[in-house]
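Source file input_14.pdb; content: PDB, C-alpha atoms and all ligand atoms.
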ATOM      1  CA  MET A   1      51.276  35.868 130.885  1.00  0.00           C
ATOM      2  CA  THR A   2      52.963  39.197 131.349  1.00  0.00           C
ATOM      3  CA  ASN A   3      52.085  41.859 128.840  1.00  0.00           C
ATOM      4  CA  TYR A   4      55.515  43.242 128.045  1.00  0.00           C
ATOM      5  CA  ILE A   5      54.207  46.113 125.943  1.00  0.00           C
ATOM      6  CA  SER A   6      52.107  47.608 128.714  1.00  0.00           C
ATOM      7  CA  LEU A   7      54.830  46.832 131.242  1.00  0.00           C
ATOM      8  CA  LEU A   8      57.168  49.061 129.237  1.00  0.00           C
ATOM      9  CA  LYS A   9      54.591  51.762 128.562  1.00  0.00           C
ATOM     10  CA  ASN A  10      53.546  51.912 132.203  1.00  0.00           C
ATOM     11  CA  ASN A  11      57.159  52.686 133.016  1.00  0.00           C
ATOM     12  CA  ASP A  12      57.524  55.443 130.418  1.00  0.00           C
ATOM     13  CA  LEU A  13      59.417  53.363 127.900  1.00  0.00           C
ATOM     14  CA  LYS A  14      58.744  52.837 124.248  1.00  0.00           C
ATOM     15  CA  ALA A  15      57.847  49.240 123.525  1.00  0.00           C
ATOM     16  CA  THR A  16      60.406  48.188 120.949  1.00  0.00           C
ATOM     17  CA  ILE A  17      60.781  44.687 119.607  1.00  0.00           C
ATOM     18  CA  GLN A  18      64.244  44.483 121.180  1.00  0.00           C
ATOM     19  CA  ARG A  19      62.892  45.314 124.609  1.00  0.00           C
ATOM     20  CA  THR A  20      59.912  42.967 124.511  1.00  0.00           C
ATOM     21  CA  SER A  21      62.156  40.186 123.315  1.00  0.00           C
ATOM     22  CA  ILE A  22      64.658  40.793 126.145  1.00  0.00           C
ATOM     23  CA  LEU A  23      61.830  40.879 128.686  1.00  0.00           C
ATOM     24  CA  LYS A  24      60.384  37.638 127.378  1.00  0.00           C
ATOM     25  CA  THR A  25      63.764  35.951 127.698  1.00  0.00           C
ATOM     26  CA  ILE A  26      64.254  37.197 131.255  1.00  0.00           C
ATOM     27  CA  ASP A  27      60.729  36.227 132.216  1.00  0.00           C
ATOM     28  CA  HIS A  28      61.217  32.694 130.905  1.00  0.00           C
ATOM     29  CA  ALA A  29      64.519  32.179 132.676  1.00  0.00           C
ATOM     30  CA  GLY A  30      63.600  33.793 135.974  1.00  0.00           C
ATOM     31  CA  HIS A  31      67.110  35.060 136.589  1.00  0.00           C
ATOM     32  CA  ILE A  32      69.581  35.282 133.716  1.00  0.00           C
ATOM     33  CA  ASN A  33      72.862  36.997 132.855  1.00  0.00           C
ATOM     34  CA  ILE A  34      73.499  39.169 129.826  1.00  0.00           C
ATOM     35  CA  ASP A  35      75.395  36.524 127.847  1.00  0.00           C
ATOM     36  CA  ASP A  36      72.515  34.103 128.077  1.00  0.00           C
ATOM     37  CA  ILE A  37      70.028  36.858 127.224  1.00  0.00           C
ATOM     38  CA  TYR A  38      72.150  37.669 124.185  1.00  0.00           C
ATOM     39  CA  ASP A  39      72.311  34.030 123.053  1.00  0.00           C
ATOM     40  CA  SER A  40      68.575  33.660 123.317  1.00  0.00           C
ATOM     41  CA  VAL A  41      67.580  36.962 121.690  1.00  0.00           C
ATOM     42  CA  LYS A  42      70.129  36.467 118.894  1.00  0.00           C
ATOM     43  CA  GLU A  43      68.331  33.342 117.743  1.00  0.00           C
ATOM     44  CA  GLN A  44      65.341  35.459 116.798  1.00  0.00           C
ATOM     45  CA  TYR A  45      67.115  38.679 115.894  1.00  0.00           C
ATOM     46  CA  PRO A  46      70.579  37.811 114.570  1.00  0.00           C
ATOM     47  CA  THR A  47      71.423  41.447 113.813  1.00  0.00           C
ATOM     48  CA  LEU A  48      71.101  42.591 117.416  1.00  0.00           C
ATOM     49  CA  SER A  49      74.434  43.398 119.016  1.00  0.00           C
ATOM     50  CA  LEU A  50      75.464  42.760 122.589  1.00  0.00           C
ATOM     51  CA  ALA A  51      75.933  46.523 122.993  1.00  0.00           C
ATOM     52  CA  THR A  52      72.313  47.188 122.007  1.00  0.00           C
ATOM     53  CA  ILE A  53      71.054  44.597 124.442  1.00  0.00           C
ATOM     54  CA  TYR A  54      73.233  46.057 127.163  1.00  0.00           C
ATOM     55  CA  LYS A  55      71.931  49.579 126.492  1.00  0.00           C
ATOM     56  CA  ASN A  56      68.333  48.390 126.643  1.00  0.00           C
ATOM     57  CA  ILE A  57      68.965  46.517 129.867  1.00  0.00           C
ATOM     58  CA  ILE A  58      70.394  49.650 131.491  1.00  0.00           C
ATOM     59  CA  VAL A  59      67.397  51.734 130.416  1.00  0.00           C
ATOM     60  CA  MET A  60      64.886  49.152 131.608  1.00  0.00           C
ATOM     61  CA  GLN A  61      66.745  48.909 134.886  1.00  0.00           C
ATOM     62  CA  GLU A  62      66.637  52.676 135.342  1.00  0.00           C
ATOM     63  CA  ASN A  63      62.910  52.624 134.681  1.00  0.00           C
ATOM     64  CA  ASN A  64      62.223  49.873 137.175  1.00  0.00           C
ATOM     65  CA  VAL A  65      61.139  47.235 134.700  1.00  0.00           C
ATOM     66  CA  ILE A  66      63.952  44.857 135.537  1.00  0.00           C
ATOM     67  CA  ILE A  67      66.217  44.394 138.525  1.00  0.00           C
ATOM     68  CA  GLU A  68      69.901  43.548 138.646  1.00  0.00           C
ATOM     69  CA  VAL A  69      71.003  40.806 141.019  1.00  0.00           C
ATOM     70  CA  PRO A  70      74.717  41.366 141.682  1.00  0.00           C
ATOM     71  CA  LEU A  71      76.737  38.184 142.194  1.00  0.00           C
ATOM     72  CA  ASN A  72      80.100  37.544 143.806  1.00  0.00           C
ATOM     73  CA  GLY A  73      82.787  37.334 141.127  1.00  0.00           C
ATOM     74  CA  GLU A  74      80.297  36.574 138.392  1.00  0.00           C
ATOM     75  CA  LYS A  75      78.197  38.493 135.921  1.00  0.00           C
ATOM     76  CA  SER A  76      75.022  39.948 137.372  1.00  0.00           C
ATOM     77  CA  LYS A  77      71.745  38.320 136.606  1.00  0.00           C
ATOM     78  CA  TYR A  78      68.557  40.153 135.768  1.00  0.00           C
ATOM     79  CA  GLU A  79      64.939  39.503 136.641  1.00  0.00           C
ATOM     80  CA  LEU A  80      61.619  41.183 136.005  1.00  0.00           C
ATOM     81  CA  LYS A  81      60.574  43.479 138.772  1.00  0.00           C
ATOM     82  CA  LYS A  82      58.086  41.635 140.951  1.00  0.00           C
ATOM     83  CA  GLU A  83      56.896  41.664 144.510  1.00  0.00           C
ATOM     84  CA  GLU A  84      59.692  42.073 147.048  1.00  0.00           C
ATOM     85  CA  HIS A  85      61.424  38.804 147.777  1.00  0.00           C
ATOM     86  CA  MET A  86      64.744  37.425 148.960  1.00  0.00           C
ATOM     87  CA  HIS A  87      67.234  35.460 146.910  1.00  0.00           C
ATOM     88  CA  LEU A  88      68.803  32.177 147.890  1.00  0.00           C
ATOM     89  CA  ILE A  89      71.878  31.990 145.696  1.00  0.00           C
ATOM     90  CA  CYS A  90      73.859  28.764 145.321  1.00  0.00           C
ATOM     91  CA  GLU A  91      77.595  29.411 145.237  1.00  0.00           C
ATOM     92  CA  VAL A  92      78.266  26.131 143.466  1.00  0.00           C
ATOM     93  CA  CYS A  93      75.749  25.873 140.615  1.00  0.00           C
ATOM     94  CA  GLY A  94      74.663  29.510 140.547  1.00  0.00           C
ATOM     95  CA  GLU A  95      70.976  28.770 140.889  1.00  0.00           C
ATOM     96  CA  ILE A  96      68.923  31.667 142.239  1.00  0.00           C
ATOM     97  CA  LYS A  97      65.731  30.870 144.074  1.00  0.00           C
ATOM     98  CA  ASP A  98      63.129  33.433 145.066  1.00  0.00           C
ATOM     99  CA  THR A  99      61.803  33.173 148.569  1.00  0.00           C
ATOM    100  CA  GLN A 100      59.357  35.249 150.555  1.00  0.00           C
ATOM    101  CA  ILE A 101      60.576  37.863 152.983  1.00  0.00           C
ATOM    102  CA  THR A 102      59.492  36.726 156.414  1.00  0.00           C
ATOM    103  CA  PRO A 103      57.707  39.172 158.743  1.00  0.00           C
ATOM    104  CA  ALA A 104      60.698  38.994 161.112  1.00  0.00           C
ATOM    105  CA  THR A 105      63.055  40.056 158.326  1.00  0.00           C
ATOM    106  CA  LYS A 106      60.741  42.889 157.379  1.00  0.00           C
ATOM    107  CA  GLU A 107      60.703  44.027 160.960  1.00  0.00           C
ATOM    108  CA  ALA A 108      64.487  43.956 161.102  1.00  0.00           C
ATOM    109  CA  LEU A 109      64.531  46.406 158.204  1.00  0.00           C
ATOM    110  CA  VAL A 110      62.728  49.093 160.165  1.00  0.00           C
ATOM    111  CA  ILE A 111      65.648  51.273 161.170  1.00  0.00           C
ATOM    112  CA  GLU A 112      65.460  54.386 163.258  1.00  0.00           C
ATOM    113  CA  ASN A 113      66.013  57.662 161.417  1.00  0.00           C
ATOM    114  CA  PHE A 114      66.172  55.953 158.068  1.00  0.00           C
ATOM    115  CA  ARG A 115      63.416  55.830 155.509  1.00  0.00           C
ATOM    116  CA  LEU A 116      63.901  52.646 153.521  1.00  0.00           C
ATOM    117  CA  LYS A 117      62.885  52.949 149.876  1.00  0.00           C
ATOM    118  CA  ALA A 118      64.349  49.870 148.298  1.00  0.00           C
ATOM    119  CA  SER A 119      66.204  46.797 149.417  1.00  0.00           C
ATOM    120  CA  GLN A 120      67.546  43.604 148.001  1.00  0.00           C
ATOM    121  CA  ILE A 121      68.349  40.658 150.212  1.00  0.00           C
ATOM    122  CA  ASN A 122      70.701  38.119 148.699  1.00  0.00           C
ATOM    123  CA  LEU A 123      71.724  35.096 150.735  1.00  0.00           C
ATOM    124  CA  PHE A 124      74.628  33.002 149.483  1.00  0.00           C
ATOM    125  CA  GLY A 125      75.038  29.318 150.265  1.00  0.00           C
ATOM    126  CA  LEU A 126      74.408  25.840 148.932  1.00  0.00           C
ATOM    127  CA  CYS A 127      71.206  24.754 147.250  1.00  0.00           C
ATOM    128  CA  GLU A 128      69.577  21.461 148.142  1.00  0.00           C
ATOM    129  CA  LYS A 129      70.965  19.683 145.093  1.00  0.00           C
ATOM    130  CA  CYS A 130      74.548  20.786 145.763  1.00  0.00           C
ATOM    131  CA  GLN A 131      74.290  19.921 149.473  1.00  0.00           C
ATOM    132  CA  ASN A 132      73.539  16.339 148.519  1.00  0.00           C
ATOM    133  CA  ALA A 133      76.105  16.090 145.774  1.00  0.00           C
TER     134      ALA A 133
HETATM  135 ZN    ZN B 201      73.547  24.478 143.678  1.00  0.00          ZN
HETATM  136 ZN    ZN B 202      64.255  37.012 142.150  1.00  0.00          ZN
END
Here is a file; write its structure as structure tokens.
Ligand SMILES: [Zn+2]
Ligand SMILES: [Zn+2]
Amino acid sequence: MTNYISLLKNNDLKATIQRTSILKTIDHAGHINIDDIYDSVKEQYPTLSLATIYKNIIVMQENNVIIEVPLNGEKSKYELKKEEHMHLICEVCGEIKDTQITPATKEALVIENFRLKASQINLFGLCEKCQNA
């Protein structure tokens, strides 16, 4: 299990109960938007406001603890920062699946005169379930 307290401290953030609770929620869900994070955290901490959660998400994003996955015409989802991977995003049900970056894809990202520091590869389509529906 992820140790959320050291995850925060290792990234120069104070480990507050709000932050560990947000991280736990994100970790459980895999990829989750702010409304669903709010619903889940609120169950435990009814006094927490959406604004507070939003502020904490921004700070944790800036400090590389979580990553935003931008979606077409929908609220972004968030995930814990983990090893580089690609996203297979279903346009029908919204499911996001992590998949490994293939060596060929990695090679394609080596671009002349450009030093790549970060990338996010999001592929949009239909998941297996929705293909068969
Ligand atoms: Zn789907
Ligand atoms: Zn992911």
Exercise. Find the spatial neighbours of Cys93 (chain A), counting all atoms listed in the file, within a cut-off of 12 Å - ignore same-chain residues fewer than 4 positions away - and output them as a PyMOL selection string.
Key: chain A and resi 74+88-89+97+124-131+133
Quiz item: If you apply the PyMOL selection byres (((chain A and resi 33) around 9) and not hetatm) to this file, what residues do you get, as a list of chain:residue names?
Solution: A:Ile26, A:His31, A:Ile32, A:Ile34, A:Asp35, A:Asp36, A:Ile37, A:Tyr38, A:Lys75, A:Ser76, A:Lys77, A:Tyr78
Given the selection you just returned, output its residues as a file containing C-alpha atoms, formatted as a PDB file, in the frame of the given file.
ATOM      1  CA  ILE A  26      64.254  37.197 131.255  1.00  0.00           C
ATOM      2  CA  HIS A  31      67.110  35.060 136.589  1.00  0.00           C
ATOM      3  CA  ILE A  32      69.581  35.282 133.716  1.00  0.00           C
ATOM      4  CA  ILE A  34      73.499  39.169 129.826  1.00  0.00           C
ATOM      5  CA  ASP A  35      75.395  36.524 127.847  1.00  0.00           C
ATOM      6  CA  ASP A  36      72.515  34.103 128.077  1.00  0.00           C
ATOM      7  CA  ILE A  37      70.028  36.858 127.224  1.00  0.00           C
ATOM      8  CA  TYR A  38      72.150  37.669 124.185  1.00  0.00           C
ATOM      9  CA  LYS A  75      78.197  38.493 135.921  1.00  0.00           C
ATOM     10  CA  SER A  76      75.022  39.948 137.372  1.00  0.00           C
ATOM     11  CA  LYS A  77      71.745  38.320 136.606  1.00  0.00           C
ATOM     12  CA  TYR A  78      68.557  40.153 135.768  1.00  0.00           C
TER      13      TYR A  78
END
Exercise. Give the residue list for ligand ZN 202 (chain B) at 12 Å, counting only C-alpha atoms and all ligand atoms, as a PyMOL selection string, sorted by chain and then by residue number.
Key: chain A and resi 26-27+29-32+66-70+77-89+95-101+120-123
Practice problem: Give me, please, the distance in Å between CA of Leu116 (chain A) and CA of Glu62 (chain A), quoted to one decimal. | Solution: 18.4 Å
Practice problem: Name all residues at most 10 Å from Asn3 (chain A) (count all atoms listed in the file; drop same-chain ones fewer than 5 positions away) and give them as a ChimeraX atom specification. | Solution: /A:8,20,23-24
Hits of the PyMOL selection byres (((chain A and resi 63) around 9) and not hetatm) in this structure, as a PDB file with C-alpha atoms, in the frame of the given file:
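Once everything was written out, this is selection.pdb:
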ATOM      1  CA  LEU A   8      57.168  49.061 129.237  1.00  0.00           C
ATOM      2  CA  ASN A  11      57.159  52.686 133.016  1.00  0.00           C
ATOM      3  CA  ASP A  12      57.524  55.443 130.418  1.00  0.00           C
ATOM      4  CA  LEU A  13      59.417  53.363 127.900  1.00  0.00           C
ATOM      5  CA  ILE A  58      70.394  49.650 131.491  1.00  0.00           C
ATOM      6  CA  VAL A  59      67.397  51.734 130.416  1.00  0.00           C
ATOM      7  CA  MET A  60      64.886  49.152 131.608  1.00  0.00           C
ATOM      8  CA  GLN A  61      66.745  48.909 134.886  1.00  0.00           C
ATOM      9  CA  GLU A  62      66.637  52.676 135.342  1.00  0.00           C
ATOM     10  CA  ASN A  64      62.223  49.873 137.175  1.00  0.00           C
ATOM     11  CA  VAL A  65      61.139  47.235 134.700  1.00  0.00           C
ATOM     12  CA  ILE A  66      63.952  44.857 135.537  1.00  0.00           C
TER      13      ILE A  66
END
Quiz item: Suppose you want the space between CA of Leu48 (chain A) and CA of Ala15 (chain A); what is it in Å?
Solution: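 Straight-line distance from CA of Leu48 (chain A) to CA of Ala15 (chain A) works out to 16.0 Å.
Nearest to ligand ZN 201 (chain B) of all the residues A:Phe114, A:Ile53, A:Lys106, A:Glu91 is A:Glu91, counting all atoms listed in the file.
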Exercise. Measure the distance from CA of Lys55 (chain A) to CA of Gly73 (chain A) in Å and round it to one decimal.
Key: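 Straight-line distance from CA of Lys55 (chain A) to CA of Gly73 (chain A) works out to 22.0 Å.
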Practice problem: Select, from A:Leu7, A:Leu50, A:Val92, A:Val41, the residue with the minimum atom-to-atom distance to ligand ZN 201 (chain B), counting all atoms listed in the file. | Solution: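 With all atoms listed in the file as the atom set, the closest residue is A:Val92.
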Fix up region 106-131 of chain A with N, CA and C atoms, then write it as a PDB file, in the coordinates of the input.
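Saved the output as out.pdb:
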ATOM      1  N   LYS A 106      61.308  41.574 157.671  1.00  0.00           N
ATOM      2  CA  LYS A 106      60.741  42.889 157.379  1.00  0.00           C
ATOM      3  C   LYS A 106      60.885  43.805 158.588  1.00  0.00           C
ATOM      4  N   GLU A 107      60.626  43.248 159.730  1.00  0.00           N
ATOM      5  CA  GLU A 107      60.703  44.027 160.960  1.00  0.00           C
ATOM      6  C   GLU A 107      62.141  44.498 161.201  1.00  0.00           C
ATOM      7  N   ALA A 108      63.079  43.615 160.889  1.00  0.00           N
ATOM      8  CA  ALA A 108      64.487  43.956 161.102  1.00  0.00           C
ATOM      9  C   ALA A 108      64.931  45.108 160.193  1.00  0.00           C
ATOM     10  N   LEU A 109      64.157  45.348 159.140  1.00  0.00           N
ATOM     11  CA  LEU A 109      64.531  46.406 158.204  1.00  0.00           C
ATOM     12  C   LEU A 109      63.971  47.767 158.593  1.00  0.00           C
ATOM     13  N   VAL A 110      63.222  47.816 159.677  1.00  0.00           N
ATOM     14  CA  VAL A 110      62.728  49.093 160.165  1.00  0.00           C
ATOM     15  C   VAL A 110      63.822  49.695 161.036  1.00  0.00           C
ATOM     16  N   ILE A 111      64.476  50.702 160.499  1.00  0.00           N
ATOM     17  CA  ILE A 111      65.648  51.273 161.170  1.00  0.00           C
ATOM     18  C   ILE A 111      65.360  52.722 161.544  1.00  0.00           C
ATOM     19  N   GLU A 112      65.718  53.043 162.743  1.00  0.00           N
ATOM     20  CA  GLU A 112      65.460  54.386 163.258  1.00  0.00           C
ATOM     21  C   GLU A 112      66.151  55.442 162.390  1.00  0.00           C
ATOM     22  N   ASN A 113      65.459  56.527 162.165  1.00  0.00           N
ATOM     23  CA  ASN A 113      66.013  57.662 161.417  1.00  0.00           C
ATOM     24  C   ASN A 113      66.457  57.308 160.002  1.00  0.00           C
ATOM     25  N   PHE A 114      65.849  56.290 159.455  1.00  0.00           N
ATOM     26  CA  PHE A 114      66.172  55.953 158.068  1.00  0.00           C
ATOM     27  C   PHE A 114      64.900  55.525 157.358  1.00  0.00           C
ATOM     28  N   ARG A 115      64.601  56.214 156.266  1.00  0.00           N
ATOM     29  CA  ARG A 115      63.416  55.830 155.509  1.00  0.00           C
ATOM     30  C   ARG A 115      63.826  54.926 154.362  1.00  0.00           C
ATOM     31  N   LEU A 116      63.517  53.647 154.517  1.00  0.00           N
ATOM     32  CA  LEU A 116      63.901  52.646 153.521  1.00  0.00           C
ATOM     33  C   LEU A 116      63.028  52.781 152.283  1.00  0.00           C
ATOM     34  N   LYS A 117      63.653  52.866 151.121  1.00  0.00           N
ATOM     35  CA  LYS A 117      62.885  52.949 149.876  1.00  0.00           C
ATOM     36  C   LYS A 117      63.021  51.698 149.027  1.00  0.00           C
ATOM     37  N   ALA A 118      64.160  51.089 149.084  1.00  0.00           N
ATOM     38  CA  ALA A 118      64.349  49.870 148.298  1.00  0.00           C
ATOM     39  C   ALA A 118      65.371  48.999 148.990  1.00  0.00           C
ATOM     40  N   SER A 119      65.215  47.702 148.834  1.00  0.00           N
ATOM     41  CA  SER A 119      66.204  46.797 149.417  1.00  0.00           C
ATOM     42  C   SER A 119      66.294  45.552 148.562  1.00  0.00           C
ATOM     43  N   GLN A 120      67.406  44.883 148.687  1.00  0.00           N
ATOM     44  CA  GLN A 120      67.546  43.604 148.001  1.00  0.00           C
ATOM     45  C   GLN A 120      68.308  42.690 148.943  1.00  0.00           C
ATOM     46  N   ILE A 121      67.707  41.575 149.265  1.00  0.00           N
ATOM     47  CA  ILE A 121      68.349  40.658 150.212  1.00  0.00           C
ATOM     48  C   ILE A 121      68.810  39.427 149.462  1.00  0.00           C
ATOM     49  N   ASN A 122      70.120  39.255 149.401  1.00  0.00           N
ATOM     50  CA  ASN A 122      70.701  38.119 148.699  1.00  0.00           C
ATOM     51  C   ASN A 122      71.475  37.262 149.694  1.00  0.00           C
ATOM     52  N   LEU A 123      71.059  36.007 149.805  1.00  0.00           N
ATOM     53  CA  LEU A 123      71.724  35.096 150.735  1.00  0.00           C
ATOM     54  C   LEU A 123      72.502  34.062 149.926  1.00  0.00           C
ATOM     55  N   PHE A 124      73.769  33.910 150.237  1.00  0.00           N
ATOM     56  CA  PHE A 124      74.628  33.002 149.483  1.00  0.00           C
ATOM     57  C   PHE A 124      74.872  31.711 150.271  1.00  0.00           C
ATOM     58  N   GLY A 125      74.837  30.585 149.567  1.00  0.00           N
ATOM     59  CA  GLY A 125      75.038  29.318 150.265  1.00  0.00           C
ATOM     60  C   GLY A 125      75.016  28.153 149.296  1.00  0.00           C
ATOM     61  N   LEU A 126      74.488  27.031 149.767  1.00  0.00           N
ATOM     62  CA  LEU A 126      74.408  25.840 148.932  1.00  0.00           C
ATOM     63  C   LEU A 126      72.957  25.436 148.747  1.00  0.00           C
ATOM     64  N   CYS A 127      72.572  25.196 147.506  1.00  0.00           N
ATOM     65  CA  CYS A 127      71.206  24.754 147.250  1.00  0.00           C
ATOM     66  C   CYS A 127      71.063  23.284 147.664  1.00  0.00           C
ATOM     67  N   GLU A 128      69.837  22.817 147.669  1.00  0.00           N
ATOM     68  CA  GLU A 128      69.577  21.461 148.142  1.00  0.00           C
ATOM     69  C   GLU A 128      70.343  20.427 147.319  1.00  0.00           C
ATOM     70  N   LYS A 129      70.313  20.613 145.999  1.00  0.00           N
ATOM     71  CA  LYS A 129      70.965  19.683 145.093  1.00  0.00           C
ATOM     72  C   LYS A 129      72.467  19.596 145.391  1.00  0.00           C
ATOM     73  N   CYS A 130      73.100  20.754 145.562  1.00  0.00           N
ATOM     74  CA  CYS A 130      74.548  20.786 145.763  1.00  0.00           C
ATOM     75  C   CYS A 130      74.934  20.301 147.175  1.00  0.00           C
ATOM     76  N   GLN A 131      74.031  20.446 148.125  1.00  0.00           N
ATOM     77  CA  GLN A 131      74.290  19.921 149.473  1.00  0.00           C
ATOM     78  C   GLN A 131      74.397  18.408 149.440  1.00  0.00           C
TER      79      GLN A 131
END
